[in-house]
Amino acid sequence: MRKKPNIEKVIDKLAKEWLGKKGVISISDSEINGELCIVFFVNQPELERELYPSEVDGYKIIIKSSGKVVAHND
């Protein structure tokens with residue numbers, strides 16, 4: 001079985017390619033059902049799932065709606 005690359009390196013690579021495109025506002029890692037996954041947070045949940053990868057470098061990609069993002073002036 002091939003060893004997965006470091007998830008932080010994979011996220012850095014994805015961030016350069018995906019942030020700001022197709023509604024992606026953040027990319028992070030998360031453990032879901034005991035499996036380390038990469039999460040794309042999107043602000044356009046109506047976009048079709050097929051627009052995003054389902055797996056990258058052995059890590060499953062999860063798409064989550066971020067909800068509305070607003071800036072707060074303190």
# chains A, B, ... in the order shown; residues from 1 in each chain; ligands from 1
$ select_by_dssp --residues "chain A" --states "strand (DSSP E)" --output "MDAnalysis selection string"
chainID A and resid 24:32 35:42 55:56 59:65
$ residues_around --residues "region 30-39 of chain A" --least-positions-apart "5" --cutoff "7 Å" --atoms "only C-alpha atoms" --output "PyMOL selection string"
chain A and resi 59-64
$ write_last_selection --atoms "N, CA and C atoms" --output "CSV table (one decimal), in the first residue's frame"
chain,number,residue,atom,x,y,z
A,59,TYR,N,-6.6,11.1,0.0
A,59,TYR,CA,-7.4,11.7,1.0
A,59,TYR,C,-8.8,12.0,0.4
A,60,LYS,N,-9.9,11.6,1.1
A,60,LYS,CA,-11.2,11.8,0.7
A,60,LYS,C,-11.5,13.3,0.8
A,61,ILE,N,-12.2,13.9,-0.2
A,61,ILE,CA,-12.6,15.3,-0.1
A,61,ILE,C,-14.1,15.4,0.3
A,62,ILE,N,-14.3,16.2,1.4
A,62,ILE,CA,-15.7,16.5,1.9
A,62,ILE,C,-16.0,17.9,1.6
A,63,ILE,N,-17.2,18.1,1.1
A,63,ILE,CA,-17.7,19.5,0.8
A,63,ILE,C,-18.7,19.9,1.9
A,64,LYS,N,-18.4,21.0,2.5
A,64,LYS,CA,-19.3,21.6,3.5
A,64,LYS,C,-19.7,23.0,3.2
$ select_by_dssp --residues "chain A" --states "alpha helix (DSSP H)" --output "MDAnalysis selection string"
chainID A and resid 7:18
$ closest_residue --among "A:Asn73, A:Lys21, A:Phe40, A:Lys3" --to "Ser54 (chain A)" --atoms "only C-alpha atoms"
A:Phe40
$ closest_residue --among "A:Asn43, A:Glu48, A:Pro53, A:Lys4" --to "Glu17 (chain A)" --atoms "only C-alpha atoms"
A:Pro53
$ atom_distance --atom1 "CA of Asp29 (chain A)" --atom2 "CA of Val10 (chain A)"
9.9 Å
$ residues_around --residues "Gly23 (chain A)" --least-positions-apart "4" --cutoff "9 Å" --atoms "only C-alpha atoms" --output "short mmCIF file (atom, residue, chain, number, x, y, z; two decimals) with C-alpha atoms, in the first residue's frame"
data_model
loop_
_atom_site.label_atom_id
_atom_site.label_comp_id
_atom_site.auth_asym_id
_atom_site.auth_seq_id
_atom_site.Cartn_x
_atom_site.Cartn_y
_atom_site.Cartn_z
CA TRP A 18 -8.89 26.03 -5.41
CA LEU A 19 -9.20 28.97 -2.99
CA PHE A 41 -15.78 24.91 2.84
CA VAL A 42 -17.89 26.53 0.12
CA ASN A 43 -20.18 29.54 0.14
CA GLN A 44 -22.17 28.37 -2.88
CA PRO A 45 -23.72 25.06 -1.78
CA LEU A 47 -22.85 24.19 -7.03
#
$ atom_distance --atom1 "CA of Leu14 (chain A)" --atom2 "CA of Ser28 (chain A)"
10.0 Å
$ atom_distance --atom1 "CA of Asp57 (chain A)" --atom2 "CA of Pro5 (chain A)"
6.9 Å
$ decode --residues "region 14-62 of chain A" --atoms "N, CA and C atoms" --output "CSV table (one decimal), in the first residue's frame"
chain,number,residue,atom,x,y,z
A,14,LEU,N,-3.7,22.2,-2.7
A,14,LEU,CA,-5.1,22.5,-3.1
A,14,LEU,C,-5.5,23.9,-2.9
A,15,ALA,N,-4.9,24.6,-1.9
A,15,ALA,CA,-5.3,26.0,-1.6
A,15,ALA,C,-4.8,26.9,-2.8
A,16,LYS,N,-3.7,26.6,-3.3
A,16,LYS,CA,-3.2,27.4,-4.5
A,16,LYS,C,-4.1,27.2,-5.7
A,17,GLU,N,-4.6,26.0,-5.8
A,17,GLU,CA,-5.4,25.7,-7.0
A,17,GLU,C,-6.9,26.1,-6.8
A,18,TRP,N,-7.4,26.0,-5.6
A,18,TRP,CA,-8.9,26.0,-5.4
A,18,TRP,C,-9.4,27.3,-4.7
A,19,LEU,N,-8.6,27.9,-3.8
A,19,LEU,CA,-9.2,29.0,-3.0
A,19,LEU,C,-9.7,30.1,-3.9
A,20,GLY,N,-10.9,30.6,-3.7
A,20,GLY,CA,-11.4,31.6,-4.5
A,20,GLY,C,-12.1,31.1,-5.8
A,21,LYS,N,-12.0,29.9,-6.1
A,21,LYS,CA,-12.6,29.3,-7.3
A,21,LYS,C,-13.8,28.4,-6.9
A,22,LYS,N,-14.9,28.5,-7.7
A,22,LYS,CA,-16.0,27.7,-7.5
A,22,LYS,C,-16.6,27.7,-6.1
A,23,GLY,N,-16.5,28.9,-5.4
A,23,GLY,CA,-17.1,29.1,-4.1
A,23,GLY,C,-16.3,28.6,-2.9
A,24,VAL,N,-15.1,28.1,-3.2
A,24,VAL,CA,-14.2,27.6,-2.1
A,24,VAL,C,-13.6,28.7,-1.3
A,25,ILE,N,-14.0,28.8,0.0
A,25,ILE,CA,-13.4,29.9,0.8
A,25,ILE,C,-12.4,29.4,1.8
A,26,SER,N,-12.4,28.1,2.1
A,26,SER,CA,-11.4,27.6,3.0
A,26,SER,C,-11.2,26.1,2.8
A,27,ILE,N,-10.0,25.6,3.1
A,27,ILE,CA,-9.7,24.2,3.0
A,27,ILE,C,-9.0,23.8,4.3
A,28,SER,N,-9.4,22.7,4.9
A,28,SER,CA,-8.9,22.3,6.1
A,28,SER,C,-8.9,20.7,6.2
A,29,ASP,N,-8.3,20.2,7.3
A,29,ASP,CA,-8.4,18.7,7.5
A,29,ASP,C,-9.3,18.5,8.6
A,30,SER,N,-9.9,17.3,8.6
A,30,SER,CA,-10.8,16.8,9.7
A,30,SER,C,-10.8,15.3,9.7
A,31,GLU,N,-11.0,14.8,10.9
A,31,GLU,CA,-11.2,13.4,11.0
A,31,GLU,C,-12.7,13.0,11.0
A,32,ILE,N,-13.1,12.3,10.1
A,32,ILE,CA,-14.5,11.9,9.9
A,32,ILE,C,-14.6,10.4,9.9
A,33,ASN,N,-15.4,9.9,10.9
A,33,ASN,CA,-15.5,8.4,11.0
A,33,ASN,C,-14.2,7.7,11.1
A,34,GLY,N,-13.2,8.3,11.8
A,34,GLY,CA,-11.9,7.7,12.0
A,34,GLY,C,-10.9,7.9,10.8
A,35,GLU,N,-11.4,8.6,9.8
A,35,GLU,CA,-10.5,8.8,8.6
A,35,GLU,C,-10.1,10.2,8.5
A,36,LEU,N,-8.9,10.5,8.2
A,36,LEU,CA,-8.4,11.8,8.0
A,36,LEU,C,-8.8,12.3,6.6
A,37,CYS,N,-9.5,13.4,6.5
A,37,CYS,CA,-10.1,13.8,5.2
A,37,CYS,C,-9.7,15.3,5.0
A,38,ILE,N,-9.9,15.8,3.8
A,38,ILE,CA,-9.8,17.2,3.5
A,38,ILE,C,-11.1,17.8,3.3
A,39,VAL,N,-11.4,18.9,3.9
A,39,VAL,CA,-12.7,19.6,3.8
A,39,VAL,C,-12.6,20.9,3.0
A,40,PHE,N,-13.4,21.0,2.0
A,40,PHE,CA,-13.6,22.2,1.2
A,40,PHE,C,-14.8,22.9,1.8
A,41,PHE,N,-14.7,24.1,2.4
A,41,PHE,CA,-15.8,24.9,2.8
A,41,PHE,C,-16.2,25.8,1.7
A,42,VAL,N,-17.4,25.8,1.3
A,42,VAL,CA,-17.9,26.5,0.1
A,42,VAL,C,-19.0,27.4,0.5
A,43,ASN,N,-19.1,28.6,-0.2
A,43,ASN,CA,-20.2,29.5,0.1
A,43,ASN,C,-21.3,29.5,-0.9
A,44,GLN,N,-21.2,28.5,-1.8
A,44,GLN,CA,-22.2,28.4,-2.9
A,44,GLN,C,-22.6,26.9,-2.9
A,45,PRO,N,-23.4,26.5,-1.9
A,45,PRO,CA,-23.7,25.1,-1.8
A,45,PRO,C,-24.5,24.5,-3.0
A,46,GLU,N,-25.1,25.4,-3.8
A,46,GLU,CA,-25.9,25.0,-4.9
A,46,GLU,C,-25.0,24.5,-6.0
A,47,LEU,N,-23.7,24.7,-6.0
A,47,LEU,CA,-22.9,24.2,-7.0
A,47,LEU,C,-22.9,22.7,-7.0
A,48,GLU,N,-22.7,22.1,-8.1
A,48,GLU,CA,-22.8,20.6,-8.2
A,48,GLU,C,-21.5,20.0,-7.6
A,49,ARG,N,-21.7,18.9,-6.9
A,49,ARG,CA,-20.6,18.1,-6.3
A,49,ARG,C,-19.6,17.7,-7.3
A,50,GLU,N,-20.0,17.4,-8.5
A,50,GLU,CA,-19.1,17.0,-9.6
A,50,GLU,C,-18.0,18.0,-10.0
A,51,LEU,N,-18.2,19.2,-9.5
A,51,LEU,CA,-17.2,20.3,-9.8
A,51,LEU,C,-16.0,20.1,-9.0
A,52,TYR,N,-16.1,19.4,-7.9
A,52,TYR,CA,-15.0,19.2,-7.0
A,52,TYR,C,-14.4,17.8,-7.1
A,53,PRO,N,-13.1,17.7,-6.7
A,53,PRO,CA,-12.5,16.3,-6.7
A,53,PRO,C,-13.1,15.5,-5.6
A,54,SER,N,-13.2,14.2,-5.7
A,54,SER,CA,-13.7,13.4,-4.6
A,54,SER,C,-12.6,12.8,-3.8
A,55,GLU,N,-11.4,12.9,-4.3
A,55,GLU,CA,-10.2,12.3,-3.6
A,55,GLU,C,-8.9,13.0,-4.2
A,56,VAL,N,-8.0,13.3,-3.3
A,56,VAL,CA,-6.7,13.8,-3.8
A,56,VAL,C,-5.6,13.2,-3.0
A,57,ASP,N,-4.6,12.6,-3.6
A,57,ASP,CA,-3.5,11.9,-3.0
A,57,ASP,C,-3.9,11.0,-1.9
A,58,GLY,N,-5.0,10.3,-2.1
A,58,GLY,CA,-5.4,9.3,-1.1
A,58,GLY,C,-6.3,9.8,0.0
A,59,TYR,N,-6.6,11.1,0.0
A,59,TYR,CA,-7.4,11.7,1.0
A,59,TYR,C,-8.8,12.0,0.4
A,60,LYS,N,-9.9,11.6,1.1
A,60,LYS,CA,-11.2,11.8,0.7
A,60,LYS,C,-11.5,13.3,0.8
A,61,ILE,N,-12.2,13.9,-0.2
A,61,ILE,CA,-12.6,15.3,-0.1
A,61,ILE,C,-14.1,15.4,0.3
A,62,ILE,N,-14.3,16.2,1.4
A,62,ILE,CA,-15.7,16.5,1.9
A,62,ILE,C,-16.0,17.9,1.6
